[in-house]
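Data first, discussion second: the structure below is written as structure tokens.
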Amino acid sequence: MVREAAEEDVRDGSGWLEIQVDPTSYAPRLGGLIPALEVILDAVETTSRETGLGMRVLVAANRMKHPLDARTLARLAVRYADQGVVGFGLSNDERRGMARDFDRAFAIAQEGGLLSAPHGGELAGPTSVRDCLDDLHATRIGHGVRAAEDPRLLKRLADRGITCEVCPASNVALGVYEKPEDVPLRTLFEAGVPLALGADDPLLFGSRLAAQYEIARRYHGFSDRELAELARQSVRGSAAPEDMKTKLLSGIDDWLSAPVA
């Protein structure tokens, strides 16, 4: 699964992939949380080496499970911070499980040097984004599109440089918005909120990374220059090493300056 994700991203022109996983999903089959995470990290290391794609892992807790489970996962994530884990997330329906119930888990992760990247502002409104900022001290927000409904929140995200990980295809598939053109991509972009377009869960939604850029162009009128800036924002908001960021940003500049075929 890790190799397939990497190969598809390489085909889509990606140079860096951060995958979010919940090891509890695989623990029963693989002998526990530690073996499950180690299998994933081993696959990431091997796949990255063989494909040339930079890869790291975010460990995610599930809002629909007990907050004590999240603390266990946070401690596990910190334990593997020097072996490929770069962040801690919180997945699933924001309408289930208040962000503040998971504040201790996120404190553990951040004290261990991991970035905070909870989901918010998709199935629930802008309040869930504020909760991620206030209670979990988010450095990135998974989705965050509903922040477009609150101008003050947009300004807060922009002023603090909080990157929103946006997948227009999944927003439509889940019924957050009726049509691709309804996703407030341009509203967020023009408000100065950093964006990282991503494929979310391509097995569920059938839409990969490049397709999100195609949506931005086709339905929101993004020019080449604006698409390049979207790509730059995704690089800046990543946990990639500085030398990798420099390489990726240079590649974006090369794409933008290349003659049109």
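By order of appearance in the structure tokens: chains A, B, ..., then residues from 1 within every chain, and ligands from 1 in the order shown.
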As a PyMOL selection string, please: the residues near Lys65 (chain A) (cut-off 12 Å, only C-alpha atoms, same-chain neighbours under 5 positions excluded). chain A and resi 22+24-25+60+70-73+90-93+96-98+101-102
Enumerate, as a ChimeraX atom specification, the complete set of residues in region 147-259 of chain A that a backbone-based DSSP assignment places in alpha helix (DSSP H). /A:151-160,168-173,185-190,202-205,209-220,224-236,242-257
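You can rank A:Ile162, A:Ala61, A:Leu204, A:Ala210 by their closest distance to Leu188 (chain A) using only C-alpha atoms, and at the top of that list sits A:Ile162.
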What's the 10 Å shell around Glu38 (chain A), counting only C-alpha atoms, without same-chain residues fewer than 4 positions away, as a list in words? Pro23, Leu30, Leu33, Ile34, Asp42, Ala43, Val44, Tyr80, Gln83 and Gly84 of chain A
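Straight-line separation from CA of Phe189 (chain A) to CA of Arg140 (chain A): 15.3 Å.
Atom to atom, CA of Met64 (chain A) and CA of His143 (chain A) stand 18.0 Å apart.
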